[in-house]
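Following: one structure in structure tokens, then a few remarks.
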Amino acid sequence: YPAVSSASLACARLGWDLATARIVSAVRAEPSVVLGEVTDGARVLVLSRDETTPAAVATLLVDAGFGSSTMTVLEQLGGPAEQIATDTAESWRRRAGDALNIVAVDCVGPRRSRLPGRPDDAYEHDGQITKSTIRALTVCALGPAGAQTLWDIGSGSGSVAIEWLRADDRGTVVAFERDSERADRLRRNAARHGVAHRLTVRGPAPDELADAPRPDAVFIGGGLDEEILSLAWAALADRGRLVVNAVTVENQALVTRRHGELGGTLRRLSVETVAPLGTMSTWRPALPIVQWAVDKPAPSTPDPWPEPAEAVR
């Protein structure tokens, strides 16, 4: 029978506009999914898995700098046992209540944009991270749009994958990372930014490419060589986009050659930042990046780069 949704009932109780409230589900995902939506002034509804979800959300909000946010837990909405409790996240001490509940968060805290280019210190990393400005250009070059799958090869801290996911909440990522410590760090970063439920971490390329879901976009930021580039291109869906960031002279020569064969856009990116020099300041350049972005031709268009026999299908 038709019934009013829990989100509609919650907004009616709180006097919120349902059309502007963000709704996330922690029924199957971890409670950290809420961190993908929080920003100062936002109103977020969290569909809880059970009675432990409200306390978990409160802890996450405090750790993320949103301790002053107002939390309202609405239990058994529309039923005779309906209960509503309100407090700030940092003051939340309520014992676990009913398993059937929804958590409403009126966010007070830092502004967190969905646009790419978050500060580098927003990520846990060991120094191997695509820096903020280059990351913003990279995510824009990848063009996240809809329910797409991205392969992030040589993912490192996962900053590109995470910002690609934050840009469009319908996408998914398969991240390939050789180093186990970096892989663990990548998972923590994904949880911290509320996208862990849409990101899968696998081992190194090319070993782990074979049975991965076919990508609509591929980013290669580490471990670039001829084999990986060929396999990634072969696996890429028709009309999909490949973006490669090359730092070394050898890899820059590789992408320059492939640009000559396949076309696309080839850019050399250089960023300088003001830094101290004695009692004064100077411009400190980062390592220049050569970025190649290319779209795979549609089936009716001859592919100038035939698939290798052993490529991923």
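Ligands are numbered from 1 in the order shown, residues from 1 within each chain, and chains are lettered A, B, ... in the order they appear in the structure tokens.
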With the cut-off set at 10 Å and counting only C-alpha atoms, tabulate each residue of range 151-189 of chain A with an atom at most that distance from an atom of range 33-44 of chain A, showing the nearest atom pair and its distance in Å to one decimal, ordered by chain and increasing number, as a Markdown table.
```
| residue | atom | partner | partner_atom | distance |
| --- | --- | --- | --- | --- |
| A:Leu165 | CA | A:Gly36 | CA | 9.4 |
| A:Arg166 | CA | A:Gly36 | CA | 7.0 |
| A:Asp169 | CA | A:Gly36 | CA | 8.9 |
```
task = Step one, run DSSP on the backbone; step two, keep only residues of range 157-283 of chain A assigned to strand (DSSP E); then write them as a ChimeraX atom specification.
result = /A:172-176,199-202,217-220,241-246,265-269,272-277,280-283
Using the selection just defined, write its residues with N, CA, C and O atoms as a compact mmCIF listing (two decimals), in the first residue's frame.
```
# COMPACT_ATOMS: atom_id res chain seq x y z
N THR A 172 31.68 4.83 -9.57
CA THR A 172 32.44 3.88 -8.76
C THR A 172 33.88 3.88 -9.25
O THR A 172 34.17 4.26 -10.40
N VAL A 173 34.79 3.43 -8.38
CA VAL A 173 36.21 3.40 -8.71
C VAL A 173 36.79 2.05 -8.36
O VAL A 173 36.47 1.47 -7.31
N VAL A 174 37.65 1.55 -9.24
CA VAL A 174 38.53 0.42 -8.92
C VAL A 174 39.94 0.99 -8.89
O VAL A 174 40.44 1.50 -9.90
N ALA A 175 40.56 0.94 -7.70
CA ALA A 175 41.89 1.49 -7.52
C ALA A 175 42.91 0.35 -7.49
O ALA A 175 42.70 -0.67 -6.81
N PHE A 176 44.01 0.52 -8.21
CA PHE A 176 45.07 -0.48 -8.26
C PHE A 176 46.30 0.09 -7.57
O PHE A 176 46.81 1.15 -7.96
N LEU A 199 34.27 2.52 -3.63
CA LEU A 199 35.66 2.33 -4.06
C LEU A 199 36.14 0.94 -3.69
O LEU A 199 35.98 0.51 -2.55
N THR A 200 36.71 0.24 -4.67
CA THR A 200 37.29 -1.08 -4.46
C THR A 200 38.79 -0.98 -4.68
O THR A 200 39.24 -0.40 -5.68
N VAL A 201 39.56 -1.53 -3.74
CA VAL A 201 41.02 -1.49 -3.86
C VAL A 201 41.52 -2.88 -4.24
O VAL A 201 41.19 -3.87 -3.59
N ARG A 202 42.31 -2.92 -5.29
CA ARG A 202 42.91 -4.16 -5.75
C ARG A 202 44.43 -4.03 -5.72
O ARG A 202 44.96 -2.96 -5.44
N ALA A 217 36.40 5.22 -17.73
CA ALA A 217 37.49 6.19 -17.68
C ALA A 217 38.67 5.52 -16.98
O ALA A 217 38.49 4.67 -16.11
N VAL A 218 39.87 5.92 -17.38
CA VAL A 218 41.09 5.38 -16.79
C VAL A 218 42.03 6.53 -16.47
O VAL A 218 42.26 7.40 -17.32
N PHE A 219 42.58 6.50 -15.25
CA PHE A 219 43.63 7.44 -14.89
C PHE A 219 44.87 6.65 -14.51
O PHE A 219 44.80 5.73 -13.69
N ILE A 220 45.99 7.01 -15.13
CA ILE A 220 47.27 6.38 -14.77
C ILE A 220 48.16 7.47 -14.19
O ILE A 220 48.59 8.38 -14.90
N ARG A 241 37.38 7.71 -21.64
CA ARG A 241 38.50 8.65 -21.63
C ARG A 241 39.67 8.11 -20.83
O ARG A 241 39.51 7.56 -19.73
N LEU A 242 40.85 8.27 -21.38
CA LEU A 242 42.11 7.93 -20.73
C LEU A 242 42.86 9.21 -20.40
O LEU A 242 43.01 10.08 -21.26
N VAL A 243 43.31 9.33 -19.15
CA VAL A 243 44.13 10.46 -18.73
C VAL A 243 45.38 9.92 -18.07
O VAL A 243 45.31 9.06 -17.17
N VAL A 244 46.54 10.40 -18.52
CA VAL A 244 47.82 9.96 -17.98
C VAL A 244 48.60 11.19 -17.54
O VAL A 244 48.72 12.16 -18.29
N ASN A 245 49.12 11.12 -16.30
CA ASN A 245 50.03 12.15 -15.81
C ASN A 245 51.44 11.57 -15.76
O ASN A 245 51.68 10.58 -15.06
N ALA A 246 52.36 12.16 -16.51
CA ALA A 246 53.73 11.65 -16.60
C ALA A 246 54.69 12.66 -15.98
O ALA A 246 54.65 13.85 -16.32
N THR A 265 44.63 15.44 -26.22
CA THR A 265 45.20 16.70 -25.75
C THR A 265 46.45 16.41 -24.92
O THR A 265 46.42 15.58 -24.01
N LEU A 266 47.53 17.10 -25.26
CA LEU A 266 48.78 16.94 -24.52
C LEU A 266 49.16 18.30 -23.93
O LEU A 266 49.28 19.28 -24.66
N ARG A 267 49.30 18.33 -22.60
CA ARG A 267 49.63 19.59 -21.92
C ARG A 267 50.82 19.38 -21.00
O ARG A 267 50.99 18.31 -20.42
N ARG A 268 51.60 20.44 -20.83
CA ARG A 268 52.67 20.43 -19.83
C ARG A 268 52.25 21.40 -18.73
O ARG A 268 52.05 22.59 -18.98
N LEU A 269 52.10 20.87 -17.53
CA LEU A 269 51.57 21.65 -16.41
C LEU A 269 52.67 21.94 -15.41
O LEU A 269 53.38 21.03 -14.96
N GLU A 272 53.82 26.85 -9.48
CA GLU A 272 54.77 27.43 -8.54
C GLU A 272 54.00 28.01 -7.35
O GLU A 272 52.93 28.59 -7.52
N THR A 273 54.57 27.84 -6.16
CA THR A 273 53.93 28.29 -4.93
C THR A 273 54.91 29.16 -4.15
O THR A 273 56.11 28.83 -4.06
N VAL A 274 54.41 30.22 -3.57
CA VAL A 274 55.26 31.08 -2.76
C VAL A 274 55.72 30.34 -1.51
O VAL A 274 54.93 29.67 -0.83
N ALA A 275 57.05 30.44 -1.22
CA ALA A 275 57.63 29.80 -0.05
C ALA A 275 58.71 30.72 0.53
O ALA A 275 59.24 31.59 -0.16
N PRO A 276 59.04 30.54 1.81
CA PRO A 276 60.05 31.41 2.43
C PRO A 276 61.43 31.23 1.81
O PRO A 276 61.80 30.14 1.40
N LEU A 277 62.15 32.31 1.73
CA LEU A 277 63.56 32.31 1.33
C LEU A 277 64.27 33.29 2.25
O LEU A 277 64.27 34.50 2.02
N MET A 280 62.67 36.64 3.30
CA MET A 280 61.75 37.06 2.25
C MET A 280 61.04 35.83 1.66
O MET A 280 61.01 34.77 2.28
N SER A 281 60.48 35.97 0.48
CA SER A 281 59.73 34.88 -0.15
C SER A 281 60.16 34.73 -1.60
O SER A 281 60.66 35.68 -2.22
N THR A 282 59.93 33.53 -2.13
CA THR A 282 60.23 33.28 -3.53
C THR A 282 59.24 32.24 -4.07
O THR A 282 58.46 31.66 -3.31
N TRP A 283 59.28 32.03 -5.38
CA TRP A 283 58.41 31.03 -6.01
C TRP A 283 59.14 29.70 -6.05
O TRP A 283 60.24 29.60 -6.56
```
key: Long-range neighbours of range 126-133 of chain A as an MDAnalysis selection string, 10 Å cut-off, only C-alpha atoms, 6 positions minimum in chain   = chainID A and resid 116:120 155:160 181:182 185 221:222 245 269:271 286
key: CA of Ala235 in chain A to CA of Arg214 in chain A, distance in Å rounded to a single decimal   = 6.1 Å
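Each of A:His259, A:His125, A:His197, A:Arg239 was checked against Ala183 in chain A using only C-alpha atoms; the smallest atom-to-atom distance is that of A:His125.
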key: Members of range 49-266 of chain A assigned alpha helix (DSSP H) by DSSP, as number ranges by chain   = A: 53-63, 132-142, 159-167, 180-192, 226-235, 249-262
inquiry  = Applying 10 Å and only C-alpha atoms, which residues near Arg28 in chain A remain after dropping the ones on its own chain fewer than 5 positions away? List them as a PyMOL selection string.
reply    = chain A and resi 47-49+197
task = Fewer than 2 positions away in the same chain doesn't count, so skip those; otherwise give me all residues within 12 Å of Val108 in chain A, counting only C-alpha atoms, as an MDAnalysis selection string.
result = chainID A and resid 38:44 61:62 64:71 88:90 105:106 110:112
Write to file, as an mmCIF file, in the first residue's frame, the residues of the selection just made, with N, CA, C and O atoms.
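Done, and the output landed in result_14.cif:
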```
data_model
loop_
_atom_site.group_PDB
_atom_site.id
_atom_site.type_symbol
_atom_site.label_atom_id
_atom_site.label_comp_id
_atom_site.auth_asym_id
_atom_site.auth_seq_id
_atom_site.Cartn_x
_atom_site.Cartn_y
_atom_site.Cartn_z
ATOM 1 N N VAL A 38 28.509 16.176 4.331
ATOM 2 C CA VAL A 38 28.541 17.249 5.326
ATOM 3 C C VAL A 38 29.313 18.461 4.822
ATOM 4 O O VAL A 38 30.361 18.353 4.207
ATOM 5 N N THR A 39 28.741 19.610 5.061
ATOM 6 C CA THR A 39 29.373 20.905 4.849
ATOM 7 C C THR A 39 28.552 21.914 5.632
ATOM 8 O O THR A 39 27.387 21.663 5.951
ATOM 9 N N ASP A 40 29.148 23.023 5.978
ATOM 10 C CA ASP A 40 28.455 23.992 6.823
ATOM 11 C C ASP A 40 27.121 24.417 6.194
ATOM 12 O O ASP A 40 27.071 24.795 5.022
ATOM 13 N N GLY A 41 26.054 24.314 6.985
ATOM 14 C CA GLY A 41 24.731 24.718 6.519
ATOM 15 C C GLY A 41 23.925 23.621 5.852
ATOM 16 O O GLY A 41 22.732 23.810 5.591
ATOM 17 N N ALA A 42 24.545 22.476 5.576
ATOM 18 C CA ALA A 42 23.826 21.381 4.921
ATOM 19 C C ALA A 42 22.905 20.679 5.912
ATOM 20 O O ALA A 42 23.154 20.659 7.122
ATOM 21 N N ARG A 43 21.845 20.088 5.383
ATOM 22 C CA ARG A 43 20.952 19.256 6.174
ATOM 23 C C ARG A 43 20.964 17.863 5.570
ATOM 24 O O ARG A 43 20.657 17.696 4.378
ATOM 25 N N VAL A 44 21.317 16.885 6.385
ATOM 26 C CA VAL A 44 21.541 15.521 5.897
ATOM 27 C C VAL A 44 20.692 14.544 6.691
ATOM 28 O O VAL A 44 20.641 14.602 7.927
ATOM 29 N N LEU A 61 31.202 12.819 13.063
ATOM 30 C CA LEU A 61 31.018 14.256 12.923
ATOM 31 C C LEU A 61 32.019 15.026 13.785
ATOM 32 O O LEU A 61 32.622 16.013 13.343
ATOM 33 N N VAL A 62 32.210 14.567 15.002
ATOM 34 C CA VAL A 62 33.174 15.239 15.891
ATOM 35 C C VAL A 62 34.575 15.163 15.301
ATOM 36 O O VAL A 62 35.303 16.165 15.247
ATOM 37 N N ALA A 64 35.466 14.934 12.299
ATOM 38 C CA ALA A 64 35.580 15.692 11.050
ATOM 39 C C ALA A 64 35.419 17.197 11.264
ATOM 40 O O ALA A 64 35.420 17.956 10.286
ATOM 41 N N GLY A 65 35.269 17.642 12.506
ATOM 42 C CA GLY A 65 35.133 19.069 12.780
ATOM 43 C C GLY A 65 33.708 19.571 12.775
ATOM 44 O O GLY A 65 33.475 20.785 12.729
ATOM 45 N N PHE A 66 32.737 18.659 12.867
ATOM 46 C CA PHE A 66 31.323 19.024 12.848
ATOM 47 C C PHE A 66 30.645 18.712 14.180
ATOM 48 O O PHE A 66 29.464 18.412 14.238
ATOM 49 N N GLY A 67 31.406 18.820 15.282
ATOM 50 C CA GLY A 67 30.875 18.504 16.601
ATOM 51 C C GLY A 67 29.744 19.395 17.047
ATOM 52 O O GLY A 67 28.906 18.989 17.862
ATOM 53 N N SER A 68 29.679 20.622 16.531
ATOM 54 C CA SER A 68 28.616 21.558 16.930
ATOM 55 C C SER A 68 27.321 21.334 16.149
ATOM 56 O O SER A 68 26.323 22.029 16.404
ATOM 57 N N SER A 69 27.341 20.399 15.221
ATOM 58 C CA SER A 69 26.136 20.112 14.430
ATOM 59 C C SER A 69 25.036 19.547 15.325
ATOM 60 O O SER A 69 25.290 18.779 16.252
ATOM 61 N N THR A 70 23.792 19.929 15.015
ATOM 62 C CA THR A 70 22.647 19.387 15.742
ATOM 63 C C THR A 70 22.240 18.051 15.143
ATOM 64 O O THR A 70 22.040 17.938 13.937
ATOM 65 N N MET A 71 22.156 17.044 16.008
ATOM 66 C CA MET A 71 21.725 15.709 15.601
ATOM 67 C C MET A 71 20.354 15.414 16.184
ATOM 68 O O MET A 71 20.126 15.624 17.370
ATOM 69 N N THR A 88 23.658 18.024 20.296
ATOM 70 C CA THR A 88 24.764 18.236 19.367
ATOM 71 C C THR A 88 25.572 16.952 19.265
ATOM 72 O O THR A 88 25.544 16.093 20.161
ATOM 73 N N ALA A 89 26.320 16.837 18.183
ATOM 74 C CA ALA A 89 27.127 15.625 17.988
ATOM 75 C C ALA A 89 28.144 15.464 19.112
ATOM 76 O O ALA A 89 28.364 14.360 19.622
ATOM 77 N N GLU A 90 28.783 16.568 19.514
ATOM 78 C CA GLU A 90 29.815 16.466 20.546
ATOM 79 C C GLU A 90 29.249 16.170 21.928
ATOM 80 O O GLU A 90 29.976 15.698 22.814
ATOM 81 N N VAL A 105 20.957 15.471 10.527
ATOM 82 C CA VAL A 105 22.114 16.277 10.916
ATOM 83 C C VAL A 105 21.982 17.665 10.304
ATOM 84 O O VAL A 105 21.903 17.807 9.082
ATOM 85 N N ASP A 106 21.938 18.683 11.165
ATOM 86 C CA ASP A 106 21.964 20.082 10.735
ATOM 87 C C ASP A 106 23.402 20.547 10.902
ATOM 88 O O ASP A 106 23.861 20.826 12.016
ATOM 89 N N PRO A 110 33.191 23.167 8.945
ATOM 90 C CA PRO A 110 33.895 23.747 7.786
ATOM 91 C C PRO A 110 33.119 23.572 6.491
ATOM 92 O O PRO A 110 32.283 22.670 6.359
ATOM 93 N N ARG A 111 33.387 24.455 5.555
ATOM 94 C CA ARG A 111 32.815 24.318 4.217
ATOM 95 C C ARG A 111 33.599 23.271 3.451
ATOM 96 O O ARG A 111 34.816 23.324 3.372
ATOM 97 N N ARG A 112 32.897 22.293 2.885
ATOM 98 C CA ARG A 112 33.539 21.220 2.125
ATOM 99 C C ARG A 112 32.883 21.131 0.761
ATOM 100 O O ARG A 112 31.772 20.662 0.618
#
```
request  = For CA of Leu231 in chain A and CA of Ala210 in chain A, determine how far apart the two atoms are, in Å to one decimal place.
outcome  =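 For CA of Leu231 in chain A relative to CA of Ala210 in chain A, the distance reads 8.9 Å.
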Selection near Ala85 in chain A, 10 Å with only C-alpha atoms, sequence-local residues under 2 positions removed, as an mmCIF file with N, CA and C atoms, in the first residue's frame:
```cif
data_model
loop_
_atom_site.group_PDB
_atom_site.id
_atom_site.type_symbol
_atom_site.label_atom_id
_atom_site.label_comp_id
_atom_site.auth_asym_id
_atom_site.auth_seq_id
_atom_site.Cartn_x
_atom_site.Cartn_y
_atom_site.Cartn_z
ATOM 1 N N MET A 71 22.156 17.044 16.008
ATOM 2 C CA MET A 71 21.725 15.709 15.601
ATOM 3 C C MET A 71 20.354 15.414 16.184
ATOM 4 N N THR A 72 19.459 14.935 15.360
ATOM 5 C CA THR A 72 18.135 14.509 15.819
ATOM 6 C C THR A 72 17.921 13.071 15.370
ATOM 7 N N VAL A 73 17.622 12.208 16.317
ATOM 8 C CA VAL A 73 17.335 10.803 16.002
ATOM 9 C C VAL A 73 15.835 10.586 16.131
ATOM 10 N N LEU A 74 15.241 10.135 15.049
ATOM 11 C CA LEU A 74 13.792 9.919 14.990
ATOM 12 C C LEU A 74 13.533 8.419 14.864
ATOM 13 N N GLU A 75 12.894 7.855 15.877
ATOM 14 C CA GLU A 75 12.661 6.413 15.934
ATOM 15 C C GLU A 75 11.193 6.078 15.698
ATOM 16 N N GLN A 83 9.630 8.149 18.843
ATOM 17 C CA GLN A 83 10.403 8.952 19.784
ATOM 18 C C GLN A 83 11.382 9.823 19.015
ATOM 19 N N ASP A 87 20.349 16.538 20.189
ATOM 20 C CA ASP A 87 21.511 17.062 20.904
ATOM 21 C C ASP A 87 22.568 17.403 19.861
ATOM 22 N N TRP A 92 26.533 14.131 22.306
ATOM 23 C CA TRP A 92 25.663 12.959 22.183
ATOM 24 C C TRP A 92 26.093 11.856 23.154
ATOM 25 N N ARG A 94 23.365 9.683 24.396
ATOM 26 C CA ARG A 94 22.153 8.872 24.522
ATOM 27 C C ARG A 94 22.456 7.398 24.297
ATOM 28 N N GLY A 97 18.946 3.302 21.119
ATOM 29 C CA GLY A 97 17.494 3.169 21.216
ATOM 30 C C GLY A 97 16.960 2.114 20.274
ATOM 31 N N VAL A 103 18.641 9.403 11.245
ATOM 32 C CA VAL A 103 19.431 10.454 11.894
ATOM 33 C C VAL A 103 19.416 11.700 11.021
#
```
For Ala293 in chain A, the nearest of the candidates A:Arg187, A:Leu142, A:Asp225, A:Pro206, counting only C-alpha atoms =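 Checking each of A:Arg187, A:Leu142, A:Asp225, A:Pro206 against Ala293 in chain A, counting only C-alpha atoms, the winner is A:Leu142.
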task = For Arg95 in chain A, list every protein, DNA or RNA residue within 10 Å, evaluated using only C-alpha atoms, and leave out those in the same chain fewer than 3 positions away; present the list as a list in words.
result = Glu51, Thr52, Pro54, Ala55, Trp92 and Asp98 of chain A
